[in-house]
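Peer 1: Please read through the structure below; I'll follow up with questions.
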There are 2 protein chains.
Amino acid sequence: MADLTLHEDPLSGNCYKIKLTAALLGLPLAVRQYDIRQGETRTPEFLAEVNANGRIPVLQIDEADGRRLLPESNAACWYLAEGTALIPQGRFDRADMLRWMFFEQYNHEPNVATLRFWLAFVGEAHLTDQQRALIPAKRAAGEDALTLMDEHLAERAWFVGDRVSLADISLYAYTHVAEAGGFRLRDRRHLCAWLERVSALPGYVPMVS
Amino acid sequence: MADLTLHEDPLSGNCYKIKLTAALLGLPLAVRQYDIRQGETRTPEFLAEVNANGRIPVLQIDEADGRRLLPESNAACWYLAEGTALIPQGRFDRADMLRWMFFEQYNHEPNVATLRFWLAFVGEAHLTDQQRALIPAKRAAGEDALTLMDEHLAERAWFVGDRVSLADISLYAYTHVAEAGGFRLRDRRHLCAWLERVSALPGYVPMVS
């Protein structure tokens, strides 16, 4: 495996996904930290040298033939996990794992993660009027995503197949800290049991270590 | 290959991605149509039998051992294209293709596709005040996504590697109809040349056939 460096902010669940994937696989991963609240991923240097999209995480892959940079948390997890048991063997299951990872980025993260960021890190008093006006819609959409997950887990231990996959890691990252965004987890018992299963995996690391 | 049926709305670019992937691969694909503007994907039957998330597209896969349902457009494209040249061979390129597909669902679709839907199909007069207030932010974020794509294509013909992949198909779907959402494509010449390359692919089908 190449030398791996994660460009990250330790507060970001998207970055944590990659660190958790690496930890479960026993892969060494260096980190380079940025503070997104200080605009450190929007500097001319970052845009030119790390990610023109101005976002972390970015996985840096150094090999004998050069350096490559990979933005997007779920793509970086895929890169690390290819050929391991974290990606299912079956064709349908592999696509179904990606289905949950796209669900995570479309239905879950923009609601569950955004409310955590706004309420726990920016602070409600510092939000713009437009952000404040969006809270109810993001609250409802985030609750829907968590309910869908809880119902999916009613009859299964993991999101896809019969063992942990990247779908679980991806969805775990912002779900396990959802209460910081005002979401209630305790009433969703299948979801809570699944959170416990993830945190009991050999090699598990917590979000801020 | 199994019998394939796409649950779709022909106005949806997310559905079109799957039809274009199937067409480029020469795979037969039956369709079952719904009108999302009439709420036909939110009925109790649809939620129970097709997708608990109330969304199309859903790819239905019928095989001798049963029926499987796969939501999320990019996951369905992956399922169809596994083992074909639409998914790159190299480990980094494969992850980089997914990177652009996650970018599409996070940075592109919620802005470029949503403004098309609001302005060309719902109509500005019928938007809620909150939707109308979001137009400038979605306009700016959509323009940023299109500019990032144009700059990426300045020195390459395709998004990943040296041939078409699912990254191109995914990003093509809502980009080529972006002007219906008030975005200007003509000034972005690399993007326009790439749109032409996609539409010249053998097997290409237009969005509404």
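Identifiers in the structure tokens: chain A, B, ... in order shown; residue index from 1 per chain; ligand index from 1 in order shown.
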Is it possible to see chain A as an mmCIF file with C-alpha atoms, in the first residue's frame, once it has been laid onto chain B by a least-squares fit on every C-alpha atom in order?
Peer 2:
data_model
loop_
_atom_site.group_PDB
_atom_site.id
_atom_site.type_symbol
_atom_site.label_atom_id
_atom_site.label_comp_id
_atom_site.auth_asym_id
_atom_site.auth_seq_id
_atom_site.Cartn_x
_atom_site.Cartn_y
_atom_site.Cartn_z
ATOM 1 C CA MET A 1 -28.087 -10.716 -16.937
ATOM 2 C CA ALA A 2 -31.338 -10.580 -14.986
ATOM 3 C CA ASP A 3 -34.586 -9.014 -16.251
ATOM 4 C CA LEU A 4 -34.271 -5.298 -15.557
ATOM 5 C CA THR A 5 -37.085 -2.808 -14.961
ATOM 6 C CA LEU A 6 -36.561 0.840 -14.147
ATOM 7 C CA HIS A 7 -39.107 2.602 -11.946
ATOM 8 C CA GLU A 8 -38.804 6.124 -13.311
ATOM 9 C CA ASP A 9 -40.136 9.538 -14.212
ATOM 10 C CA PRO A 10 -38.963 10.454 -17.728
ATOM 11 C CA LEU A 11 -38.360 14.077 -16.612
ATOM 12 C CA SER A 12 -35.748 12.952 -14.066
ATOM 13 C CA GLY A 13 -32.078 13.164 -14.947
ATOM 14 C CA ASN A 14 -31.368 10.644 -12.204
ATOM 15 C CA CYS A 15 -33.506 8.128 -14.094
ATOM 16 C CA TYR A 16 -31.926 9.075 -17.411
ATOM 17 C CA LYS A 17 -28.443 8.169 -16.088
ATOM 18 C CA ILE A 18 -29.567 4.572 -15.748
ATOM 19 C CA LYS A 19 -31.235 4.493 -19.164
ATOM 20 C CA LEU A 20 -28.127 5.977 -20.782
ATOM 21 C CA THR A 21 -25.858 3.460 -19.024
ATOM 22 C CA ALA A 22 -28.065 0.576 -20.188
ATOM 23 C CA ALA A 23 -28.182 1.961 -23.746
ATOM 24 C CA LEU A 24 -24.391 2.371 -23.963
ATOM 25 C CA LEU A 25 -24.016 -1.212 -22.745
ATOM 26 C CA GLY A 26 -26.759 -2.573 -25.028
ATOM 27 C CA LEU A 27 -28.770 -3.888 -22.067
ATOM 28 C CA PRO A 28 -32.567 -4.238 -22.432
ATOM 29 C CA LEU A 29 -34.376 -2.202 -19.761
ATOM 30 C CA ALA A 30 -38.135 -2.138 -19.246
ATOM 31 C CA VAL A 31 -39.657 0.952 -17.654
ATOM 32 C CA ARG A 32 -42.514 1.603 -15.246
ATOM 33 C CA GLN A 33 -43.391 5.290 -15.198
ATOM 34 C CA TYR A 34 -44.529 7.520 -12.326
ATOM 35 C CA ASP A 35 -45.303 11.238 -12.212
ATOM 36 C CA ILE A 36 -43.373 12.687 -9.271
ATOM 37 C CA ARG A 37 -45.334 15.959 -9.557
ATOM 38 C CA GLN A 38 -48.522 13.983 -8.846
ATOM 39 C CA GLY A 39 -46.989 12.340 -5.757
ATOM 40 C CA GLU A 40 -46.989 8.911 -7.368
ATOM 41 C CA THR A 41 -43.777 7.888 -5.546
ATOM 42 C CA ARG A 42 -45.234 8.745 -2.119
ATOM 43 C CA THR A 43 -48.248 6.414 -2.169
ATOM 44 C CA PRO A 44 -48.474 3.670 0.500
ATOM 45 C CA GLU A 45 -48.032 1.050 -2.242
ATOM 46 C CA PHE A 46 -44.866 2.639 -3.614
ATOM 47 C CA LEU A 47 -43.366 3.094 -0.131
ATOM 48 C CA ALA A 48 -44.135 -0.509 0.799
ATOM 49 C CA GLU A 49 -43.270 -2.251 -2.437
ATOM 50 C CA VAL A 50 -40.695 -0.154 -4.290
ATOM 51 C CA ASN A 51 -38.803 2.311 -2.083
ATOM 52 C CA ALA A 52 -39.427 3.288 1.534
ATOM 53 C CA ASN A 53 -37.517 6.503 0.753
ATOM 54 C CA GLY A 54 -40.309 7.566 -1.646
ATOM 55 C CA ARG A 55 -37.980 8.292 -4.537
ATOM 56 C CA ILE A 56 -37.243 7.201 -8.036
ATOM 57 C CA PRO A 57 -35.212 5.861 -9.759
ATOM 58 C CA VAL A 58 -35.331 2.326 -8.460
ATOM 59 C CA LEU A 59 -33.805 -0.478 -10.508
ATOM 60 C CA GLN A 60 -35.759 -3.720 -10.231
ATOM 61 C CA ILE A 61 -33.691 -6.852 -10.823
ATOM 62 C CA ASP A 62 -35.603 -10.088 -11.421
ATOM 63 C CA GLU A 63 -33.640 -13.313 -11.337
ATOM 64 C CA ALA A 64 -34.529 -16.969 -10.908
ATOM 65 C CA ASP A 65 -33.931 -16.673 -7.154
ATOM 66 C CA GLY A 66 -36.117 -13.617 -6.635
ATOM 67 C CA ARG A 67 -36.615 -9.878 -7.054
ATOM 68 C CA ARG A 68 -34.256 -7.221 -5.755
ATOM 69 C CA LEU A 69 -34.758 -3.462 -5.701
ATOM 70 C CA LEU A 70 -31.942 -0.951 -5.926
ATOM 71 C CA PRO A 71 -32.583 2.764 -5.251
ATOM 72 C CA GLU A 72 -30.069 5.571 -5.887
ATOM 73 C CA SER A 73 -29.217 6.389 -9.483
ATOM 74 C CA ASN A 74 -25.454 6.080 -9.235
ATOM 75 C CA ALA A 75 -25.645 2.739 -7.413
ATOM 76 C CA ALA A 76 -27.908 1.406 -10.160
ATOM 77 C CA CYS A 77 -25.448 2.589 -12.830
ATOM 78 C CA TRP A 78 -22.663 0.792 -10.945
ATOM 79 C CA TYR A 79 -24.710 -2.414 -10.850
ATOM 80 C CA LEU A 80 -25.293 -2.336 -14.602
ATOM 81 C CA ALA A 81 -21.710 -1.441 -15.504
ATOM 82 C CA GLU A 82 -19.706 -3.773 -13.265
ATOM 83 C CA GLY A 83 -17.209 -5.722 -15.329
ATOM 84 C CA THR A 84 -17.517 -3.387 -18.336
ATOM 85 C CA ALA A 85 -15.256 -0.642 -19.651
ATOM 86 C CA LEU A 86 -17.557 2.011 -18.134
ATOM 87 C CA ILE A 87 -15.785 1.332 -14.817
ATOM 88 C CA PRO A 88 -12.006 1.926 -14.970
ATOM 89 C CA GLN A 89 -9.590 -0.924 -14.330
ATOM 90 C CA GLY A 90 -7.148 0.907 -12.065
ATOM 91 C CA ARG A 91 -7.747 1.086 -8.326
ATOM 92 C CA PHE A 92 -7.237 4.838 -8.064
ATOM 93 C CA ASP A 93 -9.259 5.576 -11.201
ATOM 94 C CA ARG A 94 -12.164 3.475 -9.931
ATOM 95 C CA ALA A 95 -12.218 5.423 -6.654
ATOM 96 C CA ASP A 96 -11.770 8.688 -8.557
ATOM 97 C CA MET A 97 -14.806 7.819 -10.685
ATOM 98 C CA LEU A 98 -16.825 7.370 -7.488
ATOM 99 C CA ARG A 99 -15.399 10.683 -6.267
ATOM 100 C CA TRP A 100 -17.075 12.478 -9.202
ATOM 101 C CA MET A 101 -20.302 10.546 -8.687
ATOM 102 C CA PHE A 102 -20.438 11.629 -5.024
ATOM 103 C CA PHE A 103 -19.607 15.182 -6.131
ATOM 104 C CA GLU A 104 -22.539 14.936 -8.515
ATOM 105 C CA GLN A 105 -24.981 13.977 -5.767
ATOM 106 C CA TYR A 106 -23.652 16.462 -3.202
ATOM 107 C CA ASN A 107 -22.520 19.562 -5.113
ATOM 108 C CA HIS A 108 -24.259 19.340 -8.486
ATOM 109 C CA GLU A 109 -27.659 17.668 -8.326
ATOM 110 C CA PRO A 110 -29.102 19.568 -5.309
ATOM 111 C CA ASN A 111 -28.336 22.833 -7.116
ATOM 112 C CA VAL A 112 -28.373 22.308 -10.891
ATOM 113 C CA ALA A 113 -31.173 19.723 -10.929
ATOM 114 C CA THR A 114 -33.258 21.408 -8.243
ATOM 115 C CA LEU A 115 -33.297 24.779 -10.025
ATOM 116 C CA ARG A 116 -34.292 23.043 -13.279
ATOM 117 C CA PHE A 117 -37.131 21.291 -11.475
ATOM 118 C CA TRP A 118 -38.296 24.425 -9.680
ATOM 119 C CA LEU A 119 -38.054 26.812 -12.623
ATOM 120 C CA ALA A 120 -38.922 24.586 -15.596
ATOM 121 C CA PHE A 121 -41.472 22.211 -14.061
ATOM 122 C CA VAL A 122 -42.938 23.647 -10.836
ATOM 123 C CA GLY A 123 -42.760 27.252 -12.061
ATOM 124 C CA GLU A 124 -41.362 30.164 -10.073
ATOM 125 C CA ALA A 125 -44.870 31.438 -9.253
ATOM 126 C CA HIS A 126 -45.672 28.171 -7.478
ATOM 127 C CA LEU A 127 -42.568 27.983 -5.293
ATOM 128 C CA THR A 128 -42.788 28.475 -1.555
ATOM 129 C CA ASP A 129 -41.174 31.583 -0.078
ATOM 130 C CA GLN A 130 -38.441 29.397 1.361
ATOM 131 C CA GLN A 131 -37.717 27.797 -1.999
ATOM 132 C CA ARG A 132 -37.611 31.216 -3.643
ATOM 133 C CA ALA A 133 -35.213 32.467 -0.969
ATOM 134 C CA LEU A 134 -32.883 29.547 -1.695
ATOM 135 C CA ILE A 135 -32.548 30.285 -5.405
ATOM 136 C CA PRO A 136 -29.508 32.601 -5.127
ATOM 137 C CA ALA A 137 -27.526 30.128 -2.986
ATOM 138 C CA LYS A 138 -28.394 27.225 -5.285
ATOM 139 C CA ARG A 139 -27.558 29.354 -8.313
ATOM 140 C CA ALA A 140 -24.111 30.183 -6.894
ATOM 141 C CA ALA A 141 -23.372 26.598 -5.820
ATOM 142 C CA GLY A 142 -24.521 25.246 -9.189
ATOM 143 C CA GLU A 143 -22.351 27.757 -11.051
ATOM 144 C CA ASP A 144 -19.391 26.710 -8.884
ATOM 145 C CA ALA A 145 -19.989 23.045 -9.716
ATOM 146 C CA LEU A 146 -20.183 23.765 -13.460
ATOM 147 C CA THR A 147 -17.040 25.906 -13.331
ATOM 148 C CA LEU A 148 -15.140 23.201 -11.461
ATOM 149 C CA MET A 149 -16.180 20.704 -14.146
ATOM 150 C CA ASP A 150 -15.169 23.053 -16.970
ATOM 151 C CA GLU A 151 -11.749 23.614 -15.422
ATOM 152 C CA HIS A 152 -11.263 19.890 -14.833
ATOM 153 C CA LEU A 153 -12.016 19.249 -18.515
ATOM 154 C CA ALA A 154 -9.565 21.889 -19.774
ATOM 155 C CA GLU A 155 -6.826 19.299 -20.168
ATOM 156 C CA ARG A 156 -8.732 16.057 -20.503
ATOM 157 C CA ALA A 157 -11.474 14.597 -22.658
ATOM 158 C CA TRP A 158 -13.217 12.588 -19.900
ATOM 159 C CA PHE A 159 -13.581 12.993 -16.140
ATOM 160 C CA VAL A 160 -11.389 10.005 -15.243
ATOM 161 C CA GLY A 161 -8.646 8.380 -17.273
ATOM 162 C CA ASP A 162 -8.727 8.480 -21.060
ATOM 163 C CA ARG A 163 -12.162 7.122 -21.849
ATOM 164 C CA VAL A 164 -15.804 7.518 -20.883
ATOM 165 C CA SER A 165 -16.846 6.155 -17.472
ATOM 166 C CA LEU A 166 -19.874 6.334 -15.193
ATOM 167 C CA ALA A 167 -18.510 9.645 -13.886
ATOM 168 C CA ASP A 168 -19.268 11.202 -17.273
ATOM 169 C CA ILE A 169 -22.717 9.622 -17.526
ATOM 170 C CA SER A 170 -23.648 10.705 -14.014
ATOM 171 C CA LEU A 171 -22.541 14.311 -14.533
ATOM 172 C CA TYR A 172 -23.940 14.534 -18.064
ATOM 173 C CA ALA A 173 -27.534 13.871 -17.036
ATOM 174 C CA TYR A 174 -28.326 17.196 -15.363
ATOM 175 C CA THR A 175 -25.531 19.228 -16.973
ATOM 176 C CA HIS A 176 -26.848 18.923 -20.517
ATOM 177 C CA VAL A 177 -30.235 20.305 -19.448
ATOM 178 C CA ALA A 178 -28.840 22.893 -16.988
ATOM 179 C CA GLU A 179 -30.030 25.819 -19.107
ATOM 180 C CA ALA A 180 -33.617 24.899 -18.176
ATOM 181 C CA GLY A 181 -32.604 25.935 -14.644
ATOM 182 C CA GLY A 182 -31.151 29.234 -15.825
ATOM 183 C CA PHE A 183 -27.502 28.159 -15.946
ATOM 184 C CA ARG A 184 -25.398 29.323 -18.873
ATOM 185 C CA LEU A 185 -23.365 26.606 -20.576
ATOM 186 C CA ARG A 186 -22.141 28.375 -23.707
ATOM 187 C CA ASP A 187 -19.317 30.271 -22.034
ATOM 188 C CA ARG A 188 -17.847 27.036 -20.693
ATOM 189 C CA ARG A 189 -16.230 25.675 -23.803
ATOM 190 C CA HIS A 190 -14.506 22.627 -22.308
ATOM 191 C CA LEU A 191 -17.809 21.573 -20.763
ATOM 192 C CA CYS A 192 -19.639 22.097 -24.082
ATOM 193 C CA ALA A 193 -17.047 20.057 -25.995
ATOM 194 C CA TRP A 194 -17.442 17.254 -23.439
ATOM 195 C CA LEU A 195 -21.252 17.336 -23.779
ATOM 196 C CA GLU A 196 -20.755 16.842 -27.524
ATOM 197 C CA ARG A 197 -18.391 13.921 -26.923
ATOM 198 C CA VAL A 198 -20.946 12.202 -24.682
ATOM 199 C CA SER A 199 -23.796 12.688 -27.162
ATOM 200 C CA ALA A 200 -21.631 11.218 -29.954
ATOM 201 C CA LEU A 201 -21.003 7.933 -28.104
ATOM 202 C CA PRO A 202 -22.176 4.794 -29.940
ATOM 203 C CA GLY A 203 -25.488 3.725 -28.435
ATOM 204 C CA TYR A 204 -26.268 7.174 -26.978
ATOM 205 C CA VAL A 205 -29.945 7.891 -26.364
ATOM 206 C CA PRO A 206 -31.401 11.335 -25.668
ATOM 207 C CA MET A 207 -33.099 12.129 -22.371
ATOM 208 C CA VAL A 208 -36.728 11.894 -23.497
ATOM 209 C CA SER A 209 -37.057 9.528 -26.381
#
Peer 1: Please return as a PyMOL selection string: the residues of stretch 5-200 of chain A that backbone DSSP assigns to strand (DSSP E or B).
Peer 2: chain A and resi 5-8+30-33+58-63+66-71
Peer 1: Hey, what does DSSP flag as alpha helix (DSSP H) within stretch 4-190 of chain A? Can you give it to me as a PyMOL selection string?
Peer 2: chain A and resi 13-25+44-49+73-81+91-103+114-116+129-152+166-175+189-190
